[in-house]
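Engineer: Input structure: data21.cif, which contains mmCIF, C-alpha atoms.
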data_query
loop_
_atom_site.label_atom_id
_atom_site.label_comp_id
_atom_site.auth_asym_id
_atom_site.auth_seq_id
_atom_site.Cartn_x
_atom_site.Cartn_y
_atom_site.Cartn_z
CA MET Q 1 0.30 -21.46 -19.16
CA ALA Q 2 -0.71 -19.03 -16.44
CA GLN Q 3 -1.37 -15.46 -17.44
CA ARG Q 4 1.44 -13.18 -16.33
CA VAL Q 5 1.10 -9.92 -14.43
CA LEU Q 6 4.00 -7.48 -14.12
CA VAL Q 7 4.02 -6.25 -10.50
CA THR Q 8 6.09 -3.13 -9.92
CA GLY Q 9 7.33 -3.02 -6.36
CA GLY Q 10 6.62 -6.73 -5.96
CA ALA Q 11 9.56 -7.10 -3.55
CA GLY Q 12 7.99 -4.64 -1.13
CA TYR Q 13 5.47 -5.13 1.63
CA ILE Q 14 2.18 -4.77 -0.22
CA GLY Q 15 3.55 -5.91 -3.57
CA SER Q 16 4.87 -9.20 -2.22
CA HIS Q 17 1.50 -10.01 -0.66
CA ALA Q 18 -0.19 -9.13 -3.95
CA CYS Q 19 2.14 -11.57 -5.70
CA LYS Q 20 1.12 -14.29 -3.28
CA VAL Q 21 -2.58 -13.68 -3.89
CA LEU Q 22 -2.03 -13.47 -7.66
CA LYS Q 23 -0.24 -16.82 -7.59
CA ARG Q 24 -3.04 -18.34 -5.54
CA ALA Q 25 -5.55 -16.98 -8.09
CA GLY Q 26 -3.79 -18.77 -10.95
CA PHE Q 27 -1.62 -15.96 -12.33
CA GLU Q 28 2.16 -15.85 -12.65
CA PRO Q 29 3.34 -12.66 -10.94
CA VAL Q 30 6.54 -11.17 -12.34
CA THR Q 31 8.14 -8.78 -9.87
CA PHE Q 32 9.67 -5.65 -11.39
CA ASP Q 33 11.79 -4.00 -8.70
CA ASN Q 34 15.11 -2.22 -8.24
CA LEU Q 35 15.34 -3.59 -4.66
CA SER Q 36 16.12 -0.14 -3.27
CA THR Q 37 13.52 -0.63 -0.53
CA GLY Q 38 12.23 -4.11 -1.34
CA TRP Q 39 13.70 -7.48 -0.40
CA GLU Q 40 14.81 -10.13 -2.87
CA GLN Q 41 13.87 -12.77 -0.27
CA ALA Q 42 10.25 -11.58 -0.58
CA VAL Q 43 10.11 -12.60 -4.25
CA LYS Q 44 8.78 -16.11 -3.66
CA PHE Q 45 5.80 -16.47 -5.97
CA GLY Q 46 7.22 -15.83 -9.42
CA PRO Q 47 10.29 -14.53 -11.24
CA LEU Q 48 12.16 -11.29 -10.53
CA ALA Q 49 12.84 -8.81 -13.32
CA ARG Q 50 15.31 -6.34 -11.89
CA GLY Q 51 14.79 -2.88 -13.26
CA ASP Q 52 14.03 0.72 -12.42
CA LEU Q 53 11.03 2.82 -13.40
CA MET Q 54 13.39 5.71 -14.11
CA ASP Q 55 15.05 3.53 -16.77
CA ARG Q 56 12.57 3.15 -19.62
CA ALA Q 57 14.71 0.55 -21.38
CA SER Q 58 14.51 -1.81 -18.40
CA ILE Q 59 10.70 -1.54 -18.40
CA ASP Q 60 10.55 -2.22 -22.13
CA ALA Q 61 12.81 -5.24 -21.71
CA ALA Q 62 10.67 -6.71 -18.92
CA LEU Q 63 7.46 -6.25 -20.89
CA GLU Q 64 9.02 -7.80 -24.00
CA THR Q 65 10.45 -10.77 -22.10
CA TRP Q 66 7.42 -11.64 -19.98
CA LYS Q 67 4.51 -10.42 -22.15
CA PRO Q 68 2.07 -9.83 -19.29
CA VAL Q 69 -1.68 -9.43 -19.70
CA ALA Q 70 -1.64 -6.63 -17.14
CA VAL Q 71 0.55 -4.33 -15.07
CA MET Q 72 -0.06 -3.86 -11.34
CA HIS Q 73 1.74 -0.74 -10.14
CA PHE Q 74 2.80 -0.49 -6.48
CA ALA Q 75 6.34 0.92 -6.70
CA ALA Q 76 6.68 4.44 -5.27
CA LEU Q 77 8.34 6.58 -2.68
CA SER Q 78 5.77 6.77 0.11
CA LEU Q 79 7.05 8.54 3.22
CA VAL Q 80 4.85 11.55 4.02
CA GLY Q 81 7.42 13.37 6.14
CA GLU Q 82 10.18 12.88 3.60
CA SER Q 83 7.89 14.12 0.85
CA MET Q 84 7.38 17.36 2.79
CA ARG Q 85 11.15 17.88 3.16
CA ASP Q 86 12.06 16.82 -0.37
CA PRO Q 87 9.06 17.26 -2.68
CA GLY Q 88 11.16 17.37 -5.83
CA THR Q 89 12.34 13.80 -5.40
CA TYR Q 90 8.76 12.59 -4.91
CA TRP Q 91 7.50 14.36 -8.01
CA ARG Q 92 10.49 13.19 -10.04
CA VAL Q 93 10.51 9.54 -8.99
CA ASN Q 94 6.82 8.83 -8.53
CA VAL Q 95 5.43 10.80 -11.45
CA THR Q 96 8.23 10.33 -13.98
CA GLY Q 97 8.48 6.65 -13.08
CA ALA Q 98 4.75 6.18 -13.58
CA LEU Q 99 4.87 8.07 -16.88
CA ASN Q 100 7.67 5.82 -18.13
CA LEU Q 101 5.67 2.79 -17.07
CA LEU Q 102 2.45 3.95 -18.72
CA GLU Q 103 4.19 4.80 -21.99
CA ALA Q 104 5.99 1.45 -22.00
CA THR Q 105 2.77 -0.41 -21.17
CA VAL Q 106 0.91 1.17 -24.07
CA ALA Q 107 3.83 0.66 -26.45
CA ALA Q 108 3.96 -3.03 -25.55
CA GLY Q 109 0.27 -3.46 -26.29
CA VAL Q 110 -0.66 -4.32 -22.70
CA LYS Q 111 -4.26 -3.22 -22.19
CA ASN Q 112 -4.86 -3.61 -18.45
CA PHE Q 113 -3.43 -1.49 -15.66
CA VAL Q 114 -4.10 -1.63 -11.91
CA PHE Q 115 -2.79 1.33 -9.93
CA SER Q 116 -2.22 1.30 -6.18
CA SER Q 117 -2.95 4.88 -5.18
CA THR Q 118 -3.63 6.33 -1.74
CA CYS Q 119 -6.28 8.12 0.29
CA ALA Q 120 -3.58 10.71 0.98
CA THR Q 121 -4.92 12.32 -2.21
CA TYR Q 122 -7.88 13.55 -0.11
CA GLY Q 123 -5.80 15.55 2.35
CA ASP Q 124 -7.07 16.41 5.82
CA GLN Q 125 -10.87 16.06 5.72
CA ASP Q 126 -11.94 15.22 9.25
CA GLY Q 127 -15.38 14.14 10.35
CA VAL Q 128 -16.37 12.43 7.10
CA VAL Q 129 -16.05 8.93 5.71
CA LEU Q 130 -14.17 9.49 2.48
CA ASP Q 131 -15.39 7.81 -0.68
CA GLU Q 132 -14.61 7.85 -4.39
CA ASP Q 133 -16.53 11.09 -4.95
CA THR Q 134 -14.89 13.09 -2.15
CA PRO Q 135 -12.86 16.01 -3.56
CA GLN Q 136 -9.12 15.36 -3.61
CA ARG Q 137 -7.07 18.00 -1.78
CA PRO Q 138 -3.67 16.50 -0.86
CA ILE Q 139 -1.62 18.29 1.78
CA ASN Q 140 1.75 16.67 1.10
CA ALA Q 141 3.89 15.91 -1.93
CA TYR Q 142 3.34 12.16 -1.63
CA GLY Q 143 -0.43 12.50 -1.94
CA ALA Q 144 -0.09 15.13 -4.65
CA SER Q 145 2.19 12.92 -6.73
CA LYS Q 146 -0.24 10.03 -6.47
CA ARG Q 147 -3.16 12.23 -7.52
CA ALA Q 148 -1.16 13.30 -10.57
CA ILE Q 149 -0.54 9.66 -11.47
CA GLU Q 150 -4.27 8.93 -11.21
CA GLU Q 151 -4.88 11.69 -13.73
CA MET Q 152 -2.21 10.30 -16.04
CA VAL Q 153 -3.77 6.84 -15.86
CA ALA Q 154 -7.15 8.31 -16.84
CA ASN Q 155 -5.53 10.27 -19.68
CA PHE Q 156 -3.89 7.13 -21.05
CA GLY Q 157 -7.20 5.33 -20.78
CA ALA Q 158 -8.93 8.00 -22.84
CA ALA Q 159 -6.16 8.30 -25.43
CA PHE Q 160 -5.07 4.68 -25.87
CA GLY Q 161 -7.87 2.51 -24.50
CA LEU Q 162 -5.83 1.47 -21.46
CA ASN Q 163 -8.27 -0.35 -19.19
CA HIS Q 164 -7.60 0.62 -15.60
CA THR Q 165 -8.58 0.20 -11.98
CA ILE Q 166 -7.38 2.58 -9.27
CA PHE Q 167 -7.38 1.77 -5.54
CA ARG Q 168 -7.19 4.34 -2.74
CA TYR Q 169 -6.55 3.25 0.83
CA PHE Q 170 -4.96 4.34 4.10
CA ASN Q 171 -2.87 2.31 6.51
CA VAL Q 172 -2.06 -1.28 5.63
CA ALA Q 173 -1.22 -3.67 8.44
CA GLY Q 174 -0.79 -7.32 9.29
CA ALA Q 175 1.13 -10.02 7.48
CA ASP Q 176 0.60 -13.17 5.46
CA PRO Q 177 -0.85 -15.62 8.02
CA GLU Q 178 1.40 -18.40 6.66
CA GLY Q 179 4.48 -16.31 7.45
CA GLU Q 180 6.03 -16.39 3.97
CA VAL Q 181 6.16 -12.59 3.70
CA GLY Q 182 5.50 -9.71 6.06
CA GLU Q 183 6.13 -6.05 6.73
CA GLN Q 184 9.75 -4.92 6.85
CA HIS Q 185 10.98 -1.47 5.85
CA ASP Q 186 14.35 0.20 6.20
CA PRO Q 187 13.82 2.71 7.67
CA GLU Q 188 10.60 1.63 9.32
CA THR Q 189 7.99 4.39 9.67
CA HIS Q 190 4.66 2.59 10.15
CA LEU Q 191 2.96 2.58 13.51
CA ILE Q 192 2.25 -1.11 14.05
CA PRO Q 193 5.69 -2.53 13.13
CA LEU Q 194 7.40 0.27 15.07
CA MET Q 195 5.22 -0.54 18.05
CA LEU Q 196 5.88 -4.26 17.84
CA ASP Q 197 9.62 -3.69 17.45
CA ALA Q 198 9.49 -1.68 20.67
CA VAL Q 199 7.49 -4.43 22.38
CA ALA Q 200 10.04 -7.01 21.21
CA GLY Q 201 12.98 -4.89 22.42
CA ARG Q 202 14.36 -4.18 18.94
CA ARG Q 203 14.06 -0.44 19.51
CA PRO Q 204 13.96 1.48 22.79
CA ALA Q 205 10.49 3.03 22.54
CA LEU Q 206 7.66 3.99 20.22
CA THR Q 207 7.38 7.72 19.60
CA VAL Q 208 3.83 9.06 19.45
CA PHE Q 209 3.90 12.14 17.22
CA GLY Q 210 1.37 14.63 18.57
CA THR Q 211 -1.13 14.32 21.39
CA ASP Q 212 -3.06 17.56 20.78
CA TYR Q 213 -5.00 16.70 17.62
CA PRO Q 214 -8.75 17.45 17.59
CA THR Q 215 -9.62 13.76 18.06
CA ARG Q 216 -11.22 11.76 20.87
CA ASP Q 217 -7.91 11.19 22.67
CA GLY Q 218 -5.61 13.75 21.04
CA THR Q 219 -3.75 11.30 18.78
CA CYS Q 220 -4.17 10.75 15.04
CA ILE Q 221 -6.93 8.46 13.80
CA ARG Q 222 -6.43 6.17 10.81
CA ASP Q 223 -8.31 3.46 8.96
CA TYR Q 224 -6.44 0.13 8.83
CA VAL Q 225 -6.80 -2.65 6.24
CA HIS Q 226 -5.20 -6.09 6.45
CA VAL Q 227 -2.58 -6.49 3.75
CA MET Q 228 -4.08 -9.79 2.54
CA ASP Q 229 -7.53 -8.21 2.18
CA LEU Q 230 -5.93 -5.35 0.26
CA ALA Q 231 -4.08 -7.72 -2.07
CA GLN Q 232 -7.29 -9.65 -2.66
CA ALA Q 233 -9.04 -6.45 -3.73
CA HIS Q 234 -6.34 -5.78 -6.31
CA VAL Q 235 -6.78 -9.24 -7.80
CA LEU Q 236 -10.55 -8.80 -7.88
CA GLY Q 237 -10.04 -5.50 -9.68
CA LEU Q 238 -7.71 -7.13 -12.17
CA ASN Q 239 -10.16 -9.93 -12.89
CA ARG Q 240 -12.90 -7.38 -13.43
CA LEU Q 241 -10.77 -5.68 -16.10
CA LEU Q 242 -9.93 -8.99 -17.77
CA ASP Q 243 -13.65 -9.77 -17.87
CA GLY Q 244 -14.32 -6.52 -19.72
CA GLY Q 245 -15.42 -4.40 -16.77
CA PRO Q 246 -15.27 -0.60 -16.99
CA ASN Q 247 -12.57 1.68 -15.65
CA ARG Q 248 -13.21 2.42 -11.99
CA VAL Q 249 -11.82 3.94 -8.81
CA PHE Q 250 -12.30 2.07 -5.54
CA CYS Q 251 -11.64 3.09 -1.95
CA LEU Q 252 -10.56 0.32 0.39
CA GLY Q 253 -11.26 0.81 4.07
CA THR Q 254 -13.38 -0.32 6.94
CA GLY Q 255 -15.22 2.94 7.50
CA ARG Q 256 -13.96 3.11 11.07
CA GLY Q 257 -10.74 4.51 12.42
CA PHE Q 258 -8.50 3.84 15.38
CA SER Q 259 -6.37 6.35 17.23
CA VAL Q 260 -2.71 5.78 17.98
CA ARG Q 261 -3.57 5.26 21.63
CA GLU Q 262 -6.23 2.68 20.72
CA VAL Q 263 -3.76 0.75 18.57
CA ILE Q 264 -1.32 0.72 21.48
CA GLU Q 265 -4.01 -0.56 23.86
CA GLN Q 266 -4.93 -3.34 21.43
CA SER Q 267 -1.26 -4.31 21.17
CA ARG Q 268 -1.14 -4.77 24.93
CA ALA Q 269 -4.16 -7.08 24.70
CA VAL Q 270 -2.71 -9.15 21.84
CA THR Q 271 0.91 -9.43 23.00
CA ASN Q 272 0.32 -9.27 26.75
CA ARG Q 273 3.27 -6.88 26.92
CA GLU Q 274 3.57 -3.19 27.66
CA VAL Q 275 4.50 -0.79 24.86
CA PRO Q 276 7.33 1.59 25.80
CA ILE Q 277 6.29 5.07 24.65
CA LEU Q 278 7.83 8.48 24.11
CA PHE Q 279 5.79 11.53 23.14
CA GLY Q 280 6.93 13.87 20.37
CA ASP Q 281 5.67 16.86 18.40
CA ARG Q 282 3.35 16.62 15.45
CA ARG Q 283 4.90 15.69 12.11
CA SER Q 284 4.46 18.06 9.18
CA GLY Q 285 1.90 16.79 6.69
CA ASP Q 286 0.04 14.47 9.06
CA ALA Q 287 -3.75 14.79 8.97
CA ALA Q 288 -5.74 14.46 12.20
CA ALA Q 289 -8.26 11.79 11.18
CA LEU Q 290 -8.58 9.84 7.94
CA VAL Q 291 -11.21 7.18 7.42
CA CYS Q 292 -12.62 5.80 4.19
CA GLY Q 293 -15.46 3.55 3.20
CA SER Q 294 -15.54 0.69 0.72
CA GLU Q 295 -19.19 0.31 -0.23
CA ARG Q 296 -18.39 0.42 -3.94
CA ALA Q 297 -15.69 -2.25 -3.65
CA VAL Q 298 -18.00 -4.49 -1.63
CA ARG Q 299 -20.88 -3.98 -4.04
CA GLU Q 300 -19.06 -4.11 -7.39
CA LEU Q 301 -16.06 -6.34 -6.67
CA GLY Q 302 -17.58 -8.59 -4.03
CA TRP Q 303 -14.73 -7.59 -1.74
CA GLU Q 304 -14.93 -8.82 1.84
CA PRO Q 305 -12.27 -7.38 4.19
CA GLU Q 306 -12.70 -10.27 6.60
CA LEU Q 307 -9.22 -10.07 8.12
CA SER Q 308 -9.32 -6.31 8.70
CA THR Q 309 -10.00 -6.22 12.42
CA LEU Q 310 -7.44 -4.59 14.68
CA PRO Q 311 -6.85 -7.72 16.81
CA HIS Q 312 -6.34 -9.87 13.69
CA MET Q 313 -3.98 -7.40 12.02
CA ILE Q 314 -1.85 -6.96 15.14
CA ALA Q 315 -1.79 -10.71 15.85
CA ASP Q 316 -0.61 -11.54 12.31
CA ALA Q 317 1.98 -8.76 12.45
CA TRP Q 318 3.17 -9.94 15.88
CA ARG Q 319 3.61 -13.49 14.59
CA TRP Q 320 5.78 -12.15 11.74
CA HIS Q 321 7.81 -9.90 14.04
CA ARG Q 322 8.61 -12.77 16.37
CA ALA Q 323 9.81 -15.00 13.50
CA PRO Q 324 13.01 -14.65 11.45
CA LYS Q 325 12.77 -11.86 8.90
CA PHE Q 326 14.42 -10.90 5.65
CA HIS Q 327 18.12 -10.16 5.76
CA GLU Q 328 20.21 -8.04 3.44
#
Translate the structure described by the file into structure tokens.

Structural biologist:
Amino acid sequence: MAQRVLVTGGAGYIGSHACKVLKRAGFEPVTFDNLSTGWEQAVKFGPLARGDLMDRASIDAALETWKPVAVMHFAALSLVGESMRDPGTYWRVNVTGALNLLEATVAAGVKNFVFSSTCATYGDQDGVVLDEDTPQRPINAYGASKRAIEEMVANFGAAFGLNHTIFRYFNVAGADPEGEVGEQHDPETHLIPLMLDAVAGRRPALTVFGTDYPTRDGTCIRDYVHVMDLAQAHVLGLNRLLDGGPNRVFCLGTGRGFSVREVIEQSRAVTNREVPILFGDRRSGDAAALVCGSERAVRELGWEPELSTLPHMIADAWRWHRAPKFHE
């Protein structure tokens, strides 16, 4: 029988791709999701355990029923702008939900925990390639809540022997090349799917938020990682824990960033279509330039982000956006 992994947020964008890679690696992924932002149609690679991280009893029931060897935690509220307007909800849902999950995991005797964190914990630190030793100074409630969860995970490791791996990364893009799952949010806030929706005529125009940042062309710069490469890193981290490896934090990035204008130009090259654009003001909480390296992940996990080129990510995303998507 395949070893089971409980995947919180497995009906979402990154979680569903992680489930696919887990299945391909010989595990049975069990999606734990309340479907508030995820899609039941994305749960294709293992069973669905409907539940909510704010409901401890539902977590306990899932762990008792499925008896996983590990928990992989993706579920979270993750909109930077919203977190600036409503920080209380982000602290309540993200942190309390993670605390419930950690306590239930330990109580169930599950010893391995993989946490999907974020490079938003670093805040706005321009001009450097961020790594695992860079000081964390989040500038929005989303990043701050994730940093708090990282600390909780470490505390539970020290107190209860919970083996753990933590991943920090920036923008995730692309889609499963086979087209089984892809990126779809409601509302959509990510640059590449918004851009491709505008290209496809599903929305009138892409809004570029801020053109006066201290960057090479005035627009924000971000590091992008292909979602399948990201999922593969999580499975490598899980296997390392199961093999007795030590607790570790890993950054996942390419070490190079692309501006919003550069992403738009690459879209024109891939799709051979113009991108309709509107220009807006800066959004509160947005950093100017965020780029991270992944030397540790490459060295210690053997991670190879081979799909994480901008043309590949946009091409895979474009293929998904042109095909039928999930429906409510």

Engineer: Just how far from atom CA of Val80 of chain Q is atom CA of Asp229 of chain Q, in Å to one decimal?

Structural biologist: 23.4 Å

Engineer: Using the chain letters and residue numbers of this document, give as a ChimeraX atom specification the residues selected by the PyMOL selection byres ((chain Q and resi 51) around 6).

Structural biologist: /Q:33-34,50,52,58

Engineer: List the neighbours of Phe279 of chain Q out to 12 Å using only C-alpha atoms; skip same-chain residues closer than 4 positions along the sequence, and give me the result as a VMD selection string.

Structural biologist: chain Q and resid 205 to 212 218 to 219 260 to 261 283

Engineer: Under the rule of at most 10 Å, produce a per-residue listing of segment 40-82 of chain Q near segment 157-174 of chain Q: chain, number, name, the closest pair of atoms, and the distance in Å, as CSV, using only C-alpha atoms.

Structural biologist:
residue,atom,partner,partner_atom,distance
Q:Ala70,CA,Q:Asn163,CA,9.4
Q:Val71,CA,Q:His164,CA,9.6
Q:Met72,CA,Q:Thr165,CA,9.5
Q:His73,CA,Q:Ile166,CA,9.7

Engineer: The selected residues should be written to file as an mmCIF file, in the coordinates of the input (atoms: C-alpha atoms).

Structural biologist:
data_model
loop_
_atom_site.group_PDB
_atom_site.id
_atom_site.type_symbol
_atom_site.label_atom_id
_atom_site.label_comp_id
_atom_site.auth_asym_id
_atom_site.auth_seq_id
_atom_site.Cartn_x
_atom_site.Cartn_y
_atom_site.Cartn_z
ATOM 1 C CA ALA Q 70 -1.640 -6.630 -17.140
ATOM 2 C CA VAL Q 71 0.550 -4.330 -15.070
ATOM 3 C CA MET Q 72 -0.060 -3.860 -11.340
ATOM 4 C CA HIS Q 73 1.740 -0.740 -10.140
#

Engineer: With a distance cut-off of 12 Å and only C-alpha atoms, select the neighbouring residues of segment 186-191 of chain Q, excluding the residue or stretch itself and same-chain residues fewer than 3 positions from it, and output the selection as a compact mmCIF listing (two decimals) with C-alpha atoms, in the frame of the given file.

Structural biologist:
# COMPACT_ATOMS: atom_id res chain seq x y z
CA GLY Q 12 7.99 -4.64 -1.13
CA TYR Q 13 5.47 -5.13 1.63
CA LEU Q 35 15.34 -3.59 -4.66
CA SER Q 36 16.12 -0.14 -3.27
CA THR Q 37 13.52 -0.63 -0.53
CA GLY Q 38 12.23 -4.11 -1.34
CA TRP Q 39 13.70 -7.48 -0.40
CA SER Q 78 5.77 6.77 0.11
CA LEU Q 79 7.05 8.54 3.22
CA VAL Q 80 4.85 11.55 4.02
CA GLY Q 81 7.42 13.37 6.14
CA GLU Q 82 10.18 12.88 3.60
CA PHE Q 170 -4.96 4.34 4.10
CA ASN Q 171 -2.87 2.31 6.51
CA VAL Q 172 -2.06 -1.28 5.63
CA ALA Q 173 -1.22 -3.67 8.44
CA GLY Q 174 -0.79 -7.32 9.29
CA GLU Q 183 6.13 -6.05 6.73
CA LEU Q 194 7.40 0.27 15.07
CA MET Q 195 5.22 -0.54 18.05
CA LEU Q 196 5.88 -4.26 17.84
CA ASP Q 197 9.62 -3.69 17.45
CA ALA Q 198 9.49 -1.68 20.67
CA ARG Q 202 14.36 -4.18 18.94
CA ARG Q 203 14.06 -0.44 19.51
CA ALA Q 205 10.49 3.03 22.54
CA LEU Q 206 7.66 3.99 20.22
CA THR Q 207 7.38 7.72 19.60
CA VAL Q 208 3.83 9.06 19.45
CA PHE Q 209 3.90 12.14 17.22
CA CYS Q 220 -4.17 10.75 15.04
CA ILE Q 221 -6.93 8.46 13.80
CA ARG Q 222 -6.43 6.17 10.81
CA TYR Q 224 -6.44 0.13 8.83
CA PHE Q 258 -8.50 3.84 15.38
CA SER Q 259 -6.37 6.35 17.23
CA VAL Q 260 -2.71 5.78 17.98
CA ARG Q 261 -3.57 5.26 21.63
CA GLU Q 262 -6.23 2.68 20.72
CA VAL Q 263 -3.76 0.75 18.57
CA ILE Q 264 -1.32 0.72 21.48
CA SER Q 267 -1.26 -4.31 21.17
CA VAL Q 275 4.50 -0.79 24.86
CA ILE Q 277 6.29 5.07 24.65
CA ARG Q 283 4.90 15.69 12.11
CA ILE Q 314 -1.85 -6.96 15.14
CA ALA Q 317 1.98 -8.76 12.45
CA PHE Q 326 14.42 -10.90 5.65
CA HIS Q 327 18.12 -10.16 5.76
CA GLU Q 328 20.21 -8.04 3.44

Engineer: On this structure, the PyMOL selection byres ((chain Q and resi 55) around 12) would catch which residues? List them as a PDB file with C-alpha atoms, keeping the file's coordinate frame, sorted by chain and number.

Structural biologist:
ATOM      1  CA  PHE Q  32       9.670  -5.650 -11.390  1.00  0.00           C
ATOM      2  CA  ASP Q  33      11.790  -4.000  -8.700  1.00  0.00           C
ATOM      3  CA  ASN Q  34      15.110  -2.220  -8.240  1.00  0.00           C
ATOM      4  CA  ARG Q  50      15.310  -6.340 -11.890  1.00  0.00           C
ATOM      5  CA  GLY Q  51      14.790  -2.880 -13.260  1.00  0.00           C
ATOM      6  CA  ASP Q  52      14.030   0.720 -12.420  1.00  0.00           C
ATOM      7  CA  LEU Q  53      11.030   2.820 -13.400  1.00  0.00           C
ATOM      8  CA  MET Q  54      13.390   5.710 -14.110  1.00  0.00           C
ATOM      9  CA  ARG Q  56      12.570   3.150 -19.620  1.00  0.00           C
ATOM     10  CA  ALA Q  57      14.710   0.550 -21.380  1.00  0.00           C
ATOM     11  CA  SER Q  58      14.510  -1.810 -18.400  1.00  0.00           C
ATOM     12  CA  ILE Q  59      10.700  -1.540 -18.400  1.00  0.00           C
ATOM     13  CA  ASP Q  60      10.550  -2.220 -22.130  1.00  0.00           C
ATOM     14  CA  ALA Q  61      12.810  -5.240 -21.710  1.00  0.00           C
ATOM     15  CA  ALA Q  62      10.670  -6.710 -18.920  1.00  0.00           C
ATOM     16  CA  VAL Q  93      10.510   9.540  -8.990  1.00  0.00           C
ATOM     17  CA  THR Q  96       8.230  10.330 -13.980  1.00  0.00           C
ATOM     18  CA  GLY Q  97       8.480   6.650 -13.080  1.00  0.00           C
ATOM     19  CA  ALA Q  98       4.750   6.180 -13.580  1.00  0.00           C
ATOM     20  CA  LEU Q  99       4.870   8.070 -16.880  1.00  0.00           C
ATOM     21  CA  ASN Q 100       7.670   5.820 -18.130  1.00  0.00           C
ATOM     22  CA  LEU Q 101       5.670   2.790 -17.070  1.00  0.00           C
ATOM     23  CA  ALA Q 104       5.990   1.450 -22.000  1.00  0.00           C
TER      24      ALA Q 104
END

Engineer: Any idea what the distance is between atom CA of Gln266 of chain Q and atom CA of Gly253 of chain Q?

Structural biologist: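 According to the coordinates, atom CA of Gln266 of chain Q and atom CA of Gly253 of chain Q are separated by 18.9 Å.
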
Engineer: For Arg147 of chain Q, find every residue with an atom within 9 Å (counting only C-alpha atoms), except residues of its own chain fewer than 2 positions away, and show them as a ChimeraX atom specification.

Structural biologist: /Q:117-118,120-122,136,138,142-145,149-152

Engineer: Between Q:Lys111, Q:Lys67, Q:Arg4, Q:His234, which is the closest to Gly302 of chain Q once you count all atoms listed in the file?

Structural biologist: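 So, comparing all the options, the nearest one is Q:His234.
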
Engineer: Using only C-alpha atoms, which residues sit within 7 Å of segment 14-25 of chain Q once same-chain residues fewer than 2 positions away are excluded, as a list in words?

Structural biologist: Val7, Gly9, Gly10, Ala11, Gly12, Phe27, Glu28, Pro29, Ala42, Val43, Phe45, Phe74, Asp176, Val181, Val227, Met228, Ala231, Gln232 and Val235 of chain Q

Engineer: Kindly give the distance, in Å, that separates atom CA of Trp303 of chain Q and atom CA of Phe113 of chain Q, rounded to a single decimal.

Structural biologist: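 Interatomic distance here is 18.9 Å.
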
Engineer: Ranking Q:Lys146, Q:Lys325, Q:Lys44, Q:Arg137 by minimum distance to Ser83 of chain Q and counting all atoms listed in the file, which one comes first?

Structural biologist: Q:Lys146

Engineer: My list of candidates is Q:Asn155, Q:Asn140, Q:Thr8, Q:Thr31. Which is closest to Ser116 of chain Q when distances are computed with all atoms listed in the file?

Structural biologist: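 Going through Q:Asn155, Q:Asn140, Q:Thr8, Q:Thr31 one by one, the smallest distance to Ser116 of chain Q is for Q:Thr8.
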
Engineer: Looking at all atoms listed in the file, which of Q:Leu130, Q:Val95, Q:Cys119, Q:Leu6 is the one that sits closest to Cys292 of chain Q?

Structural biologist: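 Using all atoms listed in the file, the shortest distance to Cys292 of chain Q belongs to Q:Leu130.
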
Engineer: Using only C-alpha atoms, which of Q:Asp124, Q:Asp133, Q:Glu178, Q:Glu64 sits nearest Asp316 of chain Q?

Structural biologist: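 Selected residue with least distance to Asp316 of chain Q: Q:Glu178.
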
Engineer: Could you check the closest approach to His226 of chain Q for each of Q:Thr309, Q:Thr105, Q:Asn239, Q:Asn272 and tell me which residue wins, using only C-alpha atoms?

Structural biologist: Q:Thr309
